[in-house]
file my_file.txt (compact mmCIF, C-alpha atoms (C1' of nucleotides))
# COMPACT_ATOMS: atom_id res chain seq x y z
CA MET Z 1 0.00 0.00 0.00
CA SER Z 2 1.64 3.19 -1.20
CA ASP Z 3 -1.20 5.39 0.03
CA VAL Z 4 0.84 6.30 3.09
CA ARG Z 5 0.08 9.72 4.51
CA TRP Z 6 3.66 10.98 4.77
CA LEU Z 7 4.55 13.80 7.11
CA SER Z 8 4.60 17.35 5.79
CA THR Z 9 7.72 19.41 6.23
CA GLN Z 10 6.18 21.11 9.22
CA GLU Z 11 5.09 17.82 10.69
CA GLN Z 12 8.56 16.43 10.26
CA ARG Z 13 9.96 19.42 12.10
CA THR Z 14 7.53 18.90 14.95
CA TRP Z 15 8.28 15.19 15.08
CA ARG Z 16 11.99 15.76 15.24
CA SER Z 17 11.81 18.42 17.89
CA PHE Z 18 9.60 16.07 19.88
CA MET Z 19 11.99 13.16 19.56
CA THR Z 20 14.99 15.31 20.36
CA ALA Z 21 13.45 16.83 23.45
CA VAL Z 22 12.16 13.53 24.76
CA THR Z 23 15.35 11.56 24.25
CA LYS Z 24 17.54 14.30 25.65
CA LEU Z 25 15.31 14.78 28.67
CA THR Z 26 14.97 11.10 29.52
CA GLU Z 27 18.68 10.52 29.02
CA HIS Z 28 19.54 13.46 31.22
CA LEU Z 29 17.23 12.30 34.00
CA ASP Z 30 18.47 8.75 33.75
CA ARG Z 31 22.06 9.84 33.91
CA GLN Z 32 21.44 12.09 36.90
CA LEU Z 33 19.67 9.39 38.89
CA GLN Z 34 22.13 6.70 37.92
CA ARG Z 35 25.07 8.86 38.84
CA ASP Z 36 23.71 10.20 42.13
CA SER Z 37 21.62 7.29 43.36
CA ARG Z 38 22.71 4.23 41.43
CA MET Z 39 19.33 3.52 39.90
CA PRO Z 40 17.64 4.09 36.57
CA VAL Z 41 14.46 6.15 36.43
CA ALA Z 42 12.39 3.02 35.84
CA TYR Z 43 13.52 1.61 39.17
CA TYR Z 44 12.91 4.89 40.93
CA GLU Z 45 9.33 4.75 39.73
CA ILE Z 46 8.91 1.25 41.09
CA LEU Z 47 10.05 2.45 44.48
CA VAL Z 48 7.70 5.44 44.28
CA ALA Z 49 4.76 3.20 43.41
CA LEU Z 50 5.51 0.91 46.33
CA SER Z 51 6.01 3.81 48.72
CA GLU Z 52 2.53 5.10 47.90
CA ALA Z 53 0.81 1.75 48.28
CA PRO Z 54 -0.87 0.68 51.51
CA ALA Z 55 1.70 -1.07 53.71
CA ARG Z 56 4.23 -0.13 51.02
CA ALA Z 57 3.50 -3.45 49.35
CA MET Z 58 1.84 -4.50 46.13
CA ARG Z 59 1.09 -7.56 44.05
CA MET Z 60 3.57 -7.92 41.21
CA SER Z 61 0.97 -7.71 38.47
CA GLU Z 62 -0.63 -4.65 40.00
CA LEU Z 63 2.76 -3.03 40.31
CA ALA Z 64 3.48 -3.83 36.68
CA ALA Z 65 0.23 -2.17 35.65
CA VAL Z 66 0.89 0.95 37.69
CA CYS Z 67 4.41 1.24 36.27
CA HIS Z 68 3.31 0.53 32.70
CA SER Z 69 5.81 -2.28 32.70
CA SER Z 70 5.70 -5.79 31.33
CA ARG Z 71 5.61 -8.63 33.83
CA SER Z 72 8.98 -9.77 32.65
CA ARG Z 73 10.64 -6.41 33.01
CA LEU Z 74 9.21 -5.94 36.47
CA SER Z 75 10.33 -9.39 37.52
CA HIS Z 76 13.91 -8.68 36.48
CA ALA Z 77 13.80 -5.23 38.02
CA VAL Z 78 12.48 -6.42 41.35
CA ALA Z 79 15.11 -9.15 41.39
CA ARG Z 80 17.74 -6.46 41.12
CA LEU Z 81 16.06 -4.22 43.70
CA GLU Z 82 15.87 -7.21 46.00
CA LYS Z 83 19.58 -7.89 45.61
CA GLU Z 84 20.13 -4.25 46.57
CA GLY Z 85 18.04 -4.80 49.69
CA TRP Z 86 15.47 -2.19 48.69
CA VAL Z 87 12.56 -4.51 48.04
CA ALA Z 88 11.56 -7.87 49.50
CA ARG Z 89 9.31 -10.46 47.93
CA ARG Z 90 6.90 -12.63 49.86
CA ALA Z 91 4.17 -15.07 48.94
CA CYS Z 92 0.60 -13.90 48.55
CA PRO Z 93 -1.67 -15.57 51.11
CA SER Z 94 -4.87 -15.34 49.05
CA ASP Z 95 -3.44 -16.61 45.76
CA ARG Z 96 -0.63 -19.07 45.88
CA ARG Z 97 0.53 -18.15 42.39
CA GLY Z 98 1.00 -14.55 43.39
CA SER Z 99 3.88 -12.77 44.96
CA ILE Z 100 4.00 -9.49 46.79
CA ALA Z 101 6.73 -6.92 46.51
CA GLU Z 102 7.36 -4.85 49.61
CA LEU Z 103 9.48 -1.76 50.05
CA THR Z 104 12.06 -2.26 52.80
CA ARG Z 105 13.24 0.41 55.22
CA ALA Z 106 16.47 0.60 53.27
CA GLY Z 107 14.45 0.97 50.07
CA PHE Z 108 12.45 3.81 51.52
CA ALA Z 109 15.63 5.47 52.68
CA ALA Z 110 17.16 5.08 49.23
CA LEU Z 111 14.06 6.67 47.73
CA GLU Z 112 14.20 9.56 50.17
CA ALA Z 113 17.82 10.09 49.31
CA ALA Z 114 17.20 9.98 45.58
CA ALA Z 115 14.07 12.11 45.44
CA PRO Z 116 15.49 15.62 45.91
CA GLY Z 117 17.97 15.33 43.07
CA HIS Z 118 15.49 13.75 40.73
CA VAL Z 119 12.69 16.20 41.44
CA THR Z 120 15.09 19.08 41.10
CA ALA Z 121 16.22 17.82 37.71
CA VAL Z 122 12.63 17.41 36.54
CA ARG Z 123 11.70 20.87 37.73
CA GLU Z 124 14.78 22.45 36.25
CA HIS Z 125 14.43 20.93 32.80
CA LEU Z 126 10.71 20.71 32.36
CA PHE Z 127 8.69 22.91 34.70
CA ASP Z 128 11.10 25.81 34.83
CA VAL Z 129 11.43 26.13 31.07
CA LEU Z 130 7.68 26.21 30.40
CA THR Z 131 4.96 28.71 31.23
CA PRO Z 132 1.96 27.59 33.28
CA GLU Z 133 -0.05 27.89 30.09
CA GLN Z 134 2.30 25.56 28.26
CA LEU Z 135 2.26 23.08 31.11
CA SER Z 136 -1.49 22.77 30.99
CA GLN Z 137 -1.30 22.40 27.21
CA LEU Z 138 1.27 19.67 27.64
CA ASP Z 139 -0.93 17.91 30.13
CA VAL Z 140 -3.87 17.90 27.74
CA ILE Z 141 -1.69 16.77 24.85
CA CYS Z 142 -0.19 13.90 26.80
CA ARG Z 143 -3.57 12.71 27.96
CA ALA Z 144 -4.79 12.68 24.37
CA VAL Z 145 -1.77 10.70 23.22
CA ASP Z 146 -2.15 8.30 26.11
CA GLU Z 147 -5.82 7.88 25.35
CA GLY Z 148 -5.08 7.15 21.72
CA LEU Z 149 -2.54 4.55 22.71
CA SER Z 150 -4.46 2.79 25.41
CA THR Z 151 -7.17 1.68 23.01
CA GLU Z 152 -4.41 0.39 20.75
CA CYS Z 153 -2.52 -1.20 23.60
CA ALA Z 154 -5.68 -2.92 24.75
CA LYS Z 155 -5.86 -4.47 21.32
CA VAL Z 156 -2.24 -5.59 21.49
CA ARG Z 157 -2.76 -6.93 24.97
CA GLU Z 158 -5.67 -8.96 23.72
CA GLU Z 159 -3.68 -10.46 20.88
CA LEU Z 160 -0.36 -11.10 22.53
CA GLY Z 161 -1.42 -11.57 26.10
CA ASP Z 162 1.75 -10.47 27.75
CA PHE Z 163 2.35 -6.83 28.48
CA MET Y 1 19.63 20.92 51.37
CA SER Y 2 15.99 20.38 52.23
CA ASP Y 3 14.91 23.45 50.28
CA VAL Y 4 13.81 21.29 47.39
CA ARG Y 5 10.98 22.73 45.36
CA TRP Y 6 8.72 19.65 45.33
CA LEU Y 7 6.06 19.24 42.69
CA SER Y 8 2.54 20.40 43.44
CA THR Y 9 -0.31 17.95 43.02
CA GLN Y 10 -1.11 19.43 39.64
CA GLU Y 11 2.51 19.31 38.60
CA GLN Y 12 2.73 15.70 39.63
CA ARG Y 13 -0.30 14.93 37.51
CA THR Y 14 1.26 16.63 34.52
CA TRP Y 15 4.55 14.86 35.05
CA ARG Y 16 2.90 11.47 35.24
CA SER Y 17 0.76 12.00 32.20
CA PHE Y 18 3.88 13.11 30.35
CA MET Y 19 5.89 10.07 31.39
CA THR Y 20 3.04 7.72 30.63
CA ALA Y 21 2.42 9.14 27.19
CA VAL Y 22 6.08 9.23 26.26
CA THR Y 23 6.95 5.75 27.44
CA LYS Y 24 3.85 4.21 25.90
CA LEU Y 25 4.41 5.99 22.62
CA THR Y 26 8.07 5.16 22.30
CA GLU Y 27 7.48 1.56 23.31
CA HIS Y 28 4.69 1.23 20.81
CA LEU Y 29 6.79 2.66 17.98
CA ASP Y 30 9.76 0.51 18.93
CA ARG Y 31 7.66 -2.60 19.02
CA GLN Y 32 6.07 -1.84 15.67
CA LEU Y 33 9.36 -1.24 13.93
CA GLN Y 34 11.07 -4.18 15.58
CA ARG Y 35 8.25 -6.50 14.68
CA ASP Y 36 7.75 -5.35 11.10
CA SER Y 37 11.28 -4.38 10.09
CA ARG Y 38 13.62 -5.98 12.60
CA MET Y 39 15.16 -2.73 13.81
CA PRO Y 40 14.74 -0.45 16.80
CA VAL Y 41 13.71 3.15 16.24
CA ALA Y 42 17.23 4.34 17.06
CA TYR Y 43 18.62 2.32 14.15
CA TYR Y 44 15.89 3.56 11.84
CA GLU Y 45 16.97 7.09 12.62
CA ILE Y 46 20.55 6.29 11.77
CA LEU Y 47 19.45 4.99 8.39
CA VAL Y 48 17.32 8.10 7.86
CA ALA Y 49 20.21 10.39 8.68
CA LEU Y 50 22.48 8.57 6.26
CA SER Y 51 19.85 8.53 3.53
CA GLU Y 52 19.58 12.31 3.74
CA ALA Y 53 23.32 12.94 3.67
CA PRO Y 54 25.19 13.71 0.46
CA ALA Y 55 26.31 10.43 -1.12
CA ARG Y 56 24.36 8.75 1.68
CA ALA Y 57 27.53 8.76 3.73
CA MET Y 58 28.70 10.54 6.84
CA ARG Y 59 31.59 10.72 9.27
CA MET Y 60 30.86 8.74 12.42
CA SER Y 61 31.13 11.69 14.75
CA GLU Y 62 28.89 13.84 12.60
CA LEU Y 63 26.38 11.02 12.44
CA ALA Y 64 26.52 10.71 16.22
CA ALA Y 65 25.80 14.41 16.58
CA VAL Y 66 22.87 14.33 14.18
CA CYS Y 67 21.37 11.31 15.95
CA HIS Y 68 22.00 12.72 19.44
CA SER Y 69 23.91 9.57 20.17
CA SER Y 70 27.11 8.89 22.03
CA ARG Y 71 30.11 7.80 19.99
CA SER Y 72 30.05 4.47 21.73
CA ARG Y 73 26.39 3.80 21.08
CA LEU Y 74 26.75 4.72 17.45
CA SER Y 75 29.78 2.51 17.07
CA HIS Y 76 27.91 -0.49 18.41
CA ALA Y 77 24.84 0.33 16.36
CA VAL Y 78 26.77 0.71 13.12
CA ALA Y 79 28.54 -2.55 13.81
CA ARG Y 80 25.19 -4.24 14.00
CA LEU Y 81 23.85 -2.45 10.92
CA GLU Y 82 27.00 -3.49 9.09
CA LYS Y 83 26.48 -7.11 10.04
CA GLU Y 84 22.98 -6.76 8.62
CA GLY Y 85 24.47 -5.45 5.37
CA TRP Y 86 22.66 -2.13 5.64
CA VAL Y 87 25.67 0.10 6.28
CA ALA Y 88 29.32 -0.13 5.22
CA ARG Y 89 32.27 1.51 6.90
CA ARG Y 90 35.26 2.86 5.04
CA ALA Y 91 38.31 4.89 5.98
CA CYS Y 92 38.23 8.66 5.77
CA PRO Y 93 40.77 9.93 3.24
CA SER Y 94 41.28 13.34 4.81
CA ASP Y 95 41.72 12.15 8.40
CA ARG Y 96 43.21 8.77 8.98
CA ARG Y 97 41.63 8.50 12.41
CA GLY Y 98 38.18 8.95 10.95
CA SER Y 99 35.78 6.45 9.52
CA ILE Y 100 32.84 6.99 7.23
CA ALA Y 101 29.54 5.18 7.43
CA GLU Y 102 27.74 4.68 4.17
CA LEU Y 103 24.22 3.46 3.51
CA THR Y 104 24.23 0.44 1.20
CA ARG Y 105 21.62 -0.31 -1.45
CA ALA Y 106 20.24 -2.99 0.83
CA GLY Y 107 20.14 -0.49 3.65
CA PHE Y 108 18.23 2.01 1.57
CA ALA Y 109 15.83 -0.73 0.53
CA ALA Y 110 15.34 -1.73 4.18
CA LEU Y 111 14.61 1.89 5.03
CA GLU Y 112 12.10 2.20 2.20
CA ALA Y 113 10.42 -0.95 3.39
CA ALA Y 114 10.30 0.21 7.00
CA ALA Y 115 9.21 3.79 6.45
CA PRO Y 116 5.51 3.37 5.61
CA GLY Y 117 4.71 1.37 8.72
CA HIS Y 118 6.70 3.65 10.97
CA VAL Y 119 5.28 6.89 9.57
CA THR Y 120 1.79 5.47 9.72
CA ALA Y 121 2.28 4.58 13.38
CA VAL Y 122 3.61 8.05 14.17
CA ARG Y 123 0.74 9.71 12.37
CA GLU Y 124 -1.84 7.48 13.93
CA HIS Y 125 -0.69 7.90 17.51
CA LEU Y 126 0.58 11.44 17.54
CA PHE Y 127 -0.63 13.60 14.68
CA ASP Y 128 -4.08 12.12 14.37
CA VAL Y 129 -4.91 12.48 18.05
CA LEU Y 130 -3.93 16.16 18.26
CA THR Y 131 -5.39 19.32 16.76
CA PRO Y 132 -3.17 21.53 14.56
CA GLU Y 133 -3.23 24.01 17.41
CA GLN Y 134 -1.94 21.40 19.84
CA LEU Y 135 0.75 20.31 17.41
CA SER Y 136 2.15 23.78 17.16
CA GLN Y 137 2.00 24.09 20.95
CA LEU Y 138 3.86 20.81 21.25
CA ASP Y 139 6.48 22.02 18.81
CA VAL Y 140 7.10 25.17 20.83
CA ILE Y 141 7.18 23.25 24.09
CA CYS Y 142 9.68 20.71 22.80
CA ARG Y 143 11.95 23.38 21.46
CA ALA Y 144 11.93 25.09 24.84
CA VAL Y 145 12.78 21.85 26.62
CA ASP Y 146 15.48 21.09 24.11
CA GLU Y 147 16.90 24.57 24.51
CA GLY Y 148 16.95 24.23 28.27
CA LEU Y 149 18.76 20.93 27.98
CA SER Y 150 21.31 21.86 25.40
CA THR Y 151 22.89 24.47 27.61
CA GLU Y 152 23.03 21.86 30.35
CA CYS Y 153 24.30 19.20 28.00
CA ALA Y 154 26.99 21.51 26.78
CA LYS Y 155 28.14 21.80 30.36
CA VAL Y 156 28.16 18.03 30.78
CA ARG Y 157 29.98 17.59 27.51
CA GLU Y 158 32.65 19.96 28.69
CA GLU Y 159 33.13 18.11 31.94
CA LEU Y 160 32.96 14.56 30.79
CA GLY Y 161 34.14 14.93 27.25
CA ASP Y 162 32.36 11.95 25.81
CA PHE Y 163 28.78 12.26 24.68
C1' DT F 1 -13.79 -35.51 39.21
C1' DG F 2 -10.92 -34.78 35.22
C1' DG F 3 -9.01 -32.23 31.29
C1' DG F 4 -8.19 -28.05 29.01
C1' DT F 5 -7.48 -23.15 29.43
C1' DT F 6 -6.23 -18.98 31.60
C1' DT F 7 -3.58 -16.36 35.00
C1' DG F 8 0.55 -14.80 37.79
C1' DG F 9 4.99 -14.92 37.64
C1' DT F 10 9.86 -16.42 36.58
C1' DT F 11 13.68 -17.59 33.62
C1' DG F 12 17.35 -17.51 29.97
C1' DA F 13 19.04 -15.99 25.74
C1' DA F 14 19.67 -12.36 22.58
C1' DC F 15 20.07 -7.60 22.06
C1' DT F 16 20.88 -2.66 23.18
C1' DC F 17 22.90 0.82 25.96
C1' DT F 18 26.27 2.84 29.23
C1' DC F 19 30.57 3.52 31.11
C1' DA F 20 35.32 3.38 31.34
C1' DA F 21 39.45 2.00 29.25
C1' DC F 22 41.98 2.00 25.36
C1' DC F 23 44.42 2.93 20.72
C1' DG F 24 46.35 5.39 17.00
C1' DA F 25 46.32 9.68 14.50
C1' DA F 26 46.48 14.71 14.73
C1' DC F 27 47.91 18.79 16.89
C1' DA F 28 50.48 21.94 19.85
C1' DT F 29 54.48 23.40 21.92
C1' DA F 30 59.10 23.71 22.90
C1' DT T 1 62.27 16.55 16.37
C1' DA T 2 60.38 15.06 20.75
C1' DT T 3 56.62 15.01 23.94
C1' DG T 4 52.34 15.82 25.89
C1' DT T 5 47.48 16.58 24.83
C1' DT T 6 43.35 16.32 22.28
C1' DC T 7 40.47 14.00 18.90
C1' DG T 8 37.92 10.14 16.46
C1' DG T 9 36.63 5.93 17.13
C1' DT T 10 36.45 1.10 19.00
C1' DT T 11 36.11 -2.37 22.52
C1' DG T 12 34.51 -5.22 26.55
C1' DA T 13 32.13 -5.68 30.60
C1' DG T 14 28.08 -4.85 33.16
C1' DA T 15 23.32 -3.62 33.37
C1' DG T 16 18.50 -3.27 31.55
C1' DT T 17 14.94 -4.77 28.18
C1' DT T 18 12.54 -7.93 25.15
C1' DC T 19 10.79 -12.07 23.64
C1' DA T 20 9.50 -16.62 23.94
C1' DA T 21 9.29 -20.57 26.70
C1' DC T 22 8.04 -22.36 30.78
C1' DC T 23 5.78 -23.70 35.45
C1' DA T 24 2.39 -24.08 38.90
C1' DA T 25 -1.87 -22.52 40.70
C1' DA T 26 -6.57 -21.20 39.61
C1' DC T 27 -10.52 -21.48 36.87
C1' DC T 28 -13.95 -23.51 33.70
C1' DC T 29 -16.96 -26.86 32.23
C1' DA T 30 -18.48 -31.13 30.93

call {"tool": "encode", "arguments": {"input": "my_file.txt", "output": "C-alpha cells"}}
result
Amino acid sequence: MSDVRWLSTQEQRTWRSFMTAVTKLTEHLDRQLQRDSRMPVAYYEILVALSEAPARAMRMSELAAVCHSSRSRLSHAVARLEKEGWVARRACPSDRRGSIAELTRAGFAALEAAAPGHVTAVREHLFDVLTPEQLSQLDVICRAVDEGLSTECAKVREELGDF
Amino acid sequence: MSDVRWLSTQEQRTWRSFMTAVTKLTEHLDRQLQRDSRMPVAYYEILVALSEAPARAMRMSELAAVCHSSRSRLSHAVARLEKEGWVARRACPSDRRGSIAELTRAGFAALEAAAPGHVTAVREHLFDVLTPEQLSQLDVICRAVDEGLSTECAKVREELGDF
DNA sequence: TGGGTTTGGTTGAACTCTCAACCGAACATA
DNA sequence: TATGTTCGGTTGAGAGTTCAACCAAACCCA
C-alpha cells in the first residue's frame, strides 16, 4: 500500500523536535539518577509506586500495571532491587501463584535520598522552562496521546497476552 | 539541602501523564518497527540520517551528533547495521583517524520498506490524536525543553568529554 | 472428578545501551 | 624533532529490556 500519509515538512519538524526533546530529557534524568543514586528512572518509579501503596507493598501484576511495565521487566527489576536490599518479595496468602513486593526500610531510605535530586532535575528541565499555560497544554496533549494509545494497547494486549 | 521545590499535586499529575504518554508511545513505535522491520527506532533514525546525507555517507562523529547519540552507542549500532548489510564503513581519506559510514543499497531498501509502517504509526498515535493548534504548541514546548537541555548538555559535555 | 485453558509470575538468551578504558592519529608546543 | 594533549573511534564488561518458553496454581466446564 503506497497510500501512506507521509509527514509534511512542518510535521517532520515537529516530530523531530519532539523526539529530540524527549530523548535528551529522559537521558539526562536517567544519567542524573544513575550517577547520584545508582538507579535508573524506571527503578525509581517502582520504588515510588511501592512507597505510595498501603503497607508499602503490592502484588507484582498490580505493580506492573501501575508502572506501565511488562511482567517480565518488572520481575527482572524487582530481582535487582531485592539484591540491593530495597525490596523484599513474599508469597501472597490469598493466591498461591502470586507474589508481593514490599518496600524495605532501606528501600524507603534510598528513595528519600534519591528524590530531591530527581525532582530538582525534573523541575529544572521541564517545569522551569515552560509557562503555566504551556504546562497545561502539555498535560492535555499527553492525555490525548495516552488515550489514543491505550485503546491500541488494549488491542495488542488482547492479541499477545503479555504486556 | 531540604529546600527542594517539590512538585505540586497538579505538577505531579502533569509529570505522570507526560511520562506515561512518552513511554507508551516510544514503546509502541519501537515494538512496531522491531516486529515489522527488525530494527529499533534508534537504528531507523541512523538509516534516515544517512539517507539524507550527500552520497548517503557521513563521518561517524557527525552522524553521532545528528542522531543525538554517544560515539560508543553509534559505534555499536553501526557494527550491528554493518552485520545486517545495511551500512558499510570505510576509511576517511582526509583524516586517517576517521571512519565513514555509508548506507548500502540494501540499507536504503530496508529503510524504504520500513518507512511506511513507521510513519503510519507516528501519524496514527501522535498527529491524528492532536489538533493543529496542539501540534504547534507541542512544537514550541519541545523546542523550549530542548533549549533548556542543550545548555546543560553543553556543560556536561565539557566536563565529561564523551557524549 | 478430570481435562483443558487462563492467569501470575519467573527464567534464559539475545540484544541494546552505558561507562570506562583503550588505541592510533592529529595537533600543539618547545 | 620530541613530547604531551586532544580527537575520532572502537572495545569489553556490566546492566537493563525484550521475547518466547516455561511452570504451577486457579478457573472452567463437561

call {"tool": "interface_residues", "arguments": {"input": "my_file.txt", "of": "chain Y", "to": "chain T", "cutoff": "12 Å", "atoms": "only C-alpha atoms (C1' of nucleotides)", "output": "VMD selection string"}}
result
chain Y and resid 27 30 to 31 34 to 35 40 59 to 62 64 70 to 79 89 91 to 92 95 to 100 161 to 162

call {"tool": "closest_atom_pairs", "arguments": {"input": "my_file.txt", "of": "chain Y", "to": "chain Z", "cutoff": "6 Å", "atoms": "only C-alpha atoms", "output": "CSV"}}
result
residue,atom,partner,partner_atom,distance
Y:Thr14,CA,Z:Asp139,CA,5.1
Y:Ser17,CA,Z:Cys142,CA,5.8
Y:Phe18,CA,Z:Cys142,CA,5.5
Y:Ala21,CA,Z:Asp146,CA,4.8
Y:Asp139,CA,Z:Thr14,CA,5.1
Y:Cys142,CA,Z:Ala21,CA,5.4
Y:Val145,CA,Z:Ala21,CA,6.0
Y:Asp146,CA,Z:Ala21,CA,4.8

call {"tool": "interface_residues", "arguments": {"input": "my_file.txt", "of": "chain F", "to": "chain Y", "cutoff": "9 Å", "atoms": "all atoms listed in the file", "output": "MDAnalysis selection string"}}
result
chainID F and resid 16:18 24:26

call {"tool": "calpha_fit_and_write", "arguments": {"input": "my_file.txt", "fixed": "chain Y", "moving": "chain Z", "output": "short mmCIF file (atom, residue, chain, number, x, y, z; two decimals) with C-alpha atoms, keeping the file's coordinate frame"}}
result
data_model
loop_
_atom_site.label_atom_id
_atom_site.label_comp_id
_atom_site.auth_asym_id
_atom_site.auth_seq_id
_atom_site.Cartn_x
_atom_site.Cartn_y
_atom_site.Cartn_z
CA MET Z 1 19.75 20.82 51.23
CA SER Z 2 16.10 20.36 52.11
CA ASP Z 3 15.00 23.47 50.23
CA VAL Z 4 13.88 21.31 47.33
CA ARG Z 5 11.03 22.77 45.32
CA TRP Z 6 8.79 19.70 45.29
CA LEU Z 7 6.11 19.28 42.66
CA SER Z 8 2.59 20.44 43.41
CA THR Z 9 -0.25 18.00 43.03
CA GLN Z 10 -1.06 19.46 39.65
CA GLU Z 11 2.55 19.34 38.59
CA GLN Z 12 2.78 15.73 39.63
CA ARG Z 13 -0.27 14.96 37.53
CA THR Z 14 1.28 16.66 34.53
CA TRP Z 15 4.58 14.89 35.06
CA ARG Z 16 2.94 11.51 35.25
CA SER Z 17 0.78 12.02 32.22
CA PHE Z 18 3.89 13.13 30.37
CA MET Z 19 5.90 10.10 31.41
CA THR Z 20 3.05 7.74 30.65
CA ALA Z 21 2.42 9.14 27.20
CA VAL Z 22 6.08 9.23 26.28
CA THR Z 23 6.93 5.73 27.45
CA LYS Z 24 3.84 4.21 25.91
CA LEU Z 25 4.40 5.98 22.61
CA THR Z 26 8.08 5.14 22.31
CA GLU Z 27 7.46 1.54 23.32
CA HIS Z 28 4.67 1.21 20.81
CA LEU Z 29 6.77 2.63 17.99
CA ASP Z 30 9.73 0.50 18.93
CA ARG Z 31 7.64 -2.62 19.03
CA GLN Z 32 6.04 -1.87 15.67
CA LEU Z 33 9.35 -1.27 13.93
CA GLN Z 34 11.05 -4.20 15.58
CA ARG Z 35 8.22 -6.52 14.69
CA ASP Z 36 7.74 -5.37 11.10
CA SER Z 37 11.26 -4.41 10.10
CA ARG Z 38 13.61 -5.99 12.59
CA MET Z 39 15.13 -2.75 13.81
CA PRO Z 40 14.72 -0.47 16.79
CA VAL Z 41 13.70 3.14 16.23
CA ALA Z 42 17.22 4.31 17.05
CA TYR Z 43 18.60 2.32 14.14
CA TYR Z 44 15.87 3.55 11.83
CA GLU Z 45 16.94 7.08 12.61
CA ILE Z 46 20.54 6.28 11.77
CA LEU Z 47 19.44 5.01 8.39
CA VAL Z 48 17.30 8.11 7.85
CA ALA Z 49 20.20 10.40 8.71
CA LEU Z 50 22.48 8.58 6.28
CA SER Z 51 19.85 8.55 3.55
CA GLU Z 52 19.58 12.34 3.75
CA ALA Z 53 23.31 12.96 3.69
CA PRO Z 54 25.20 13.74 0.49
CA ALA Z 55 26.33 10.47 -1.10
CA ARG Z 56 24.38 8.77 1.69
CA ALA Z 57 27.55 8.78 3.76
CA MET Z 58 28.68 10.57 6.89
CA ARG Z 59 31.57 10.74 9.31
CA MET Z 60 30.84 8.74 12.44
CA SER Z 61 31.11 11.69 14.80
CA GLU Z 62 28.87 13.83 12.64
CA LEU Z 63 26.35 11.02 12.48
CA ALA Z 64 26.48 10.69 16.25
CA ALA Z 65 25.77 14.39 16.62
CA VAL Z 66 22.85 14.33 14.21
CA CYS Z 67 21.35 11.30 15.97
CA HIS Z 68 21.95 12.70 19.46
CA SER Z 69 23.86 9.54 20.18
CA SER Z 70 27.07 8.87 22.06
CA ARG Z 71 30.07 7.77 20.03
CA SER Z 72 30.00 4.44 21.76
CA ARG Z 73 26.36 3.76 21.08
CA LEU Z 74 26.74 4.70 17.45
CA SER Z 75 29.79 2.51 17.08
CA HIS Z 76 27.92 -0.52 18.41
CA ALA Z 77 24.86 0.31 16.35
CA VAL Z 78 26.76 0.70 13.12
CA ALA Z 79 28.56 -2.56 13.81
CA ARG Z 80 25.19 -4.25 13.96
CA LEU Z 81 23.87 -2.43 10.89
CA GLU Z 82 27.02 -3.46 9.07
CA LYS Z 83 26.50 -7.10 9.99
CA GLU Z 84 23.00 -6.75 8.56
CA GLY Z 85 24.50 -5.41 5.33
CA TRP Z 86 22.69 -2.09 5.61
CA VAL Z 87 25.69 0.12 6.27
CA ALA Z 88 29.33 -0.11 5.24
CA ARG Z 89 32.28 1.53 6.91
CA ARG Z 90 35.28 2.90 5.07
CA ALA Z 91 38.31 4.94 6.03
CA CYS Z 92 38.23 8.71 5.82
CA PRO Z 93 40.78 9.99 3.30
CA SER Z 94 41.29 13.41 4.91
CA ASP Z 95 41.69 12.21 8.50
CA ARG Z 96 43.19 8.84 9.09
CA ARG Z 97 41.58 8.55 12.51
CA GLY Z 98 38.14 8.96 11.03
CA SER Z 99 35.77 6.49 9.55
CA ILE Z 100 32.83 7.01 7.26
CA ALA Z 101 29.55 5.20 7.46
CA GLU Z 102 27.75 4.70 4.17
CA LEU Z 103 24.23 3.49 3.51
CA THR Z 104 24.24 0.47 1.19
CA ARG Z 105 21.64 -0.27 -1.46
CA ALA Z 106 20.26 -2.97 0.81
CA GLY Z 107 20.16 -0.45 3.65
CA PHE Z 108 18.23 2.01 1.56
CA ALA Z 109 15.84 -0.71 0.53
CA ALA Z 110 15.36 -1.73 4.16
CA LEU Z 111 14.61 1.89 5.02
CA GLU Z 112 12.11 2.19 2.20
CA ALA Z 113 10.42 -0.95 3.38
CA ALA Z 114 10.29 0.19 6.99
CA ALA Z 115 9.20 3.77 6.43
CA PRO Z 116 5.50 3.34 5.59
CA GLY Z 117 4.71 1.36 8.71
CA HIS Z 118 6.68 3.63 10.96
CA VAL Z 119 5.29 6.86 9.56
CA THR Z 120 1.80 5.45 9.73
CA ALA Z 121 2.27 4.56 13.38
CA VAL Z 122 3.60 8.02 14.17
CA ARG Z 123 0.74 9.69 12.36
CA GLU Z 124 -1.85 7.45 13.93
CA HIS Z 125 -0.70 7.90 17.51
CA LEU Z 126 0.58 11.43 17.54
CA PHE Z 127 -0.63 13.59 14.67
CA ASP Z 128 -4.09 12.11 14.38
CA VAL Z 129 -4.92 12.47 18.05
CA LEU Z 130 -3.94 16.15 18.26
CA THR Z 131 -5.40 19.30 16.74
CA PRO Z 132 -3.20 21.50 14.55
CA GLU Z 133 -3.25 23.99 17.40
CA GLN Z 134 -1.95 21.40 19.83
CA LEU Z 135 0.73 20.29 17.41
CA SER Z 136 2.14 23.77 17.14
CA GLN Z 137 2.00 24.08 20.93
CA LEU Z 138 3.87 20.81 21.23
CA ASP Z 139 6.48 22.01 18.80
CA VAL Z 140 7.10 25.16 20.80
CA ILE Z 141 7.19 23.24 24.07
CA CYS Z 142 9.67 20.70 22.77
CA ARG Z 143 11.95 23.39 21.42
CA ALA Z 144 11.94 25.10 24.81
CA VAL Z 145 12.77 21.86 26.59
CA ASP Z 146 15.49 21.09 24.08
CA GLU Z 147 16.90 24.57 24.47
CA GLY Z 148 16.96 24.23 28.23
CA LEU Z 149 18.77 20.94 27.95
CA SER Z 150 21.32 21.84 25.35
CA THR Z 151 22.91 24.47 27.56
CA GLU Z 152 23.05 21.85 30.30
CA CYS Z 153 24.31 19.16 27.97
CA ALA Z 154 27.02 21.49 26.74
CA LYS Z 155 28.15 21.76 30.32
CA VAL Z 156 28.15 17.99 30.75
CA ARG Z 157 29.97 17.56 27.48
CA GLU Z 158 32.62 19.94 28.68
CA GLU Z 159 33.12 18.08 31.93
CA LEU Z 160 32.92 14.50 30.80
CA GLY Z 161 34.09 14.81 27.25
CA ASP Z 162 32.28 11.86 25.83
CA PHE Z 163 28.73 12.20 24.62
#

call {"tool": "atom_distance", "arguments": {"input": "my_file.txt", "atom1": "CA of Leu50 (chain Y)", "atom2": "CA of Leu103 (chain Y)"}}
result
6.1 Å
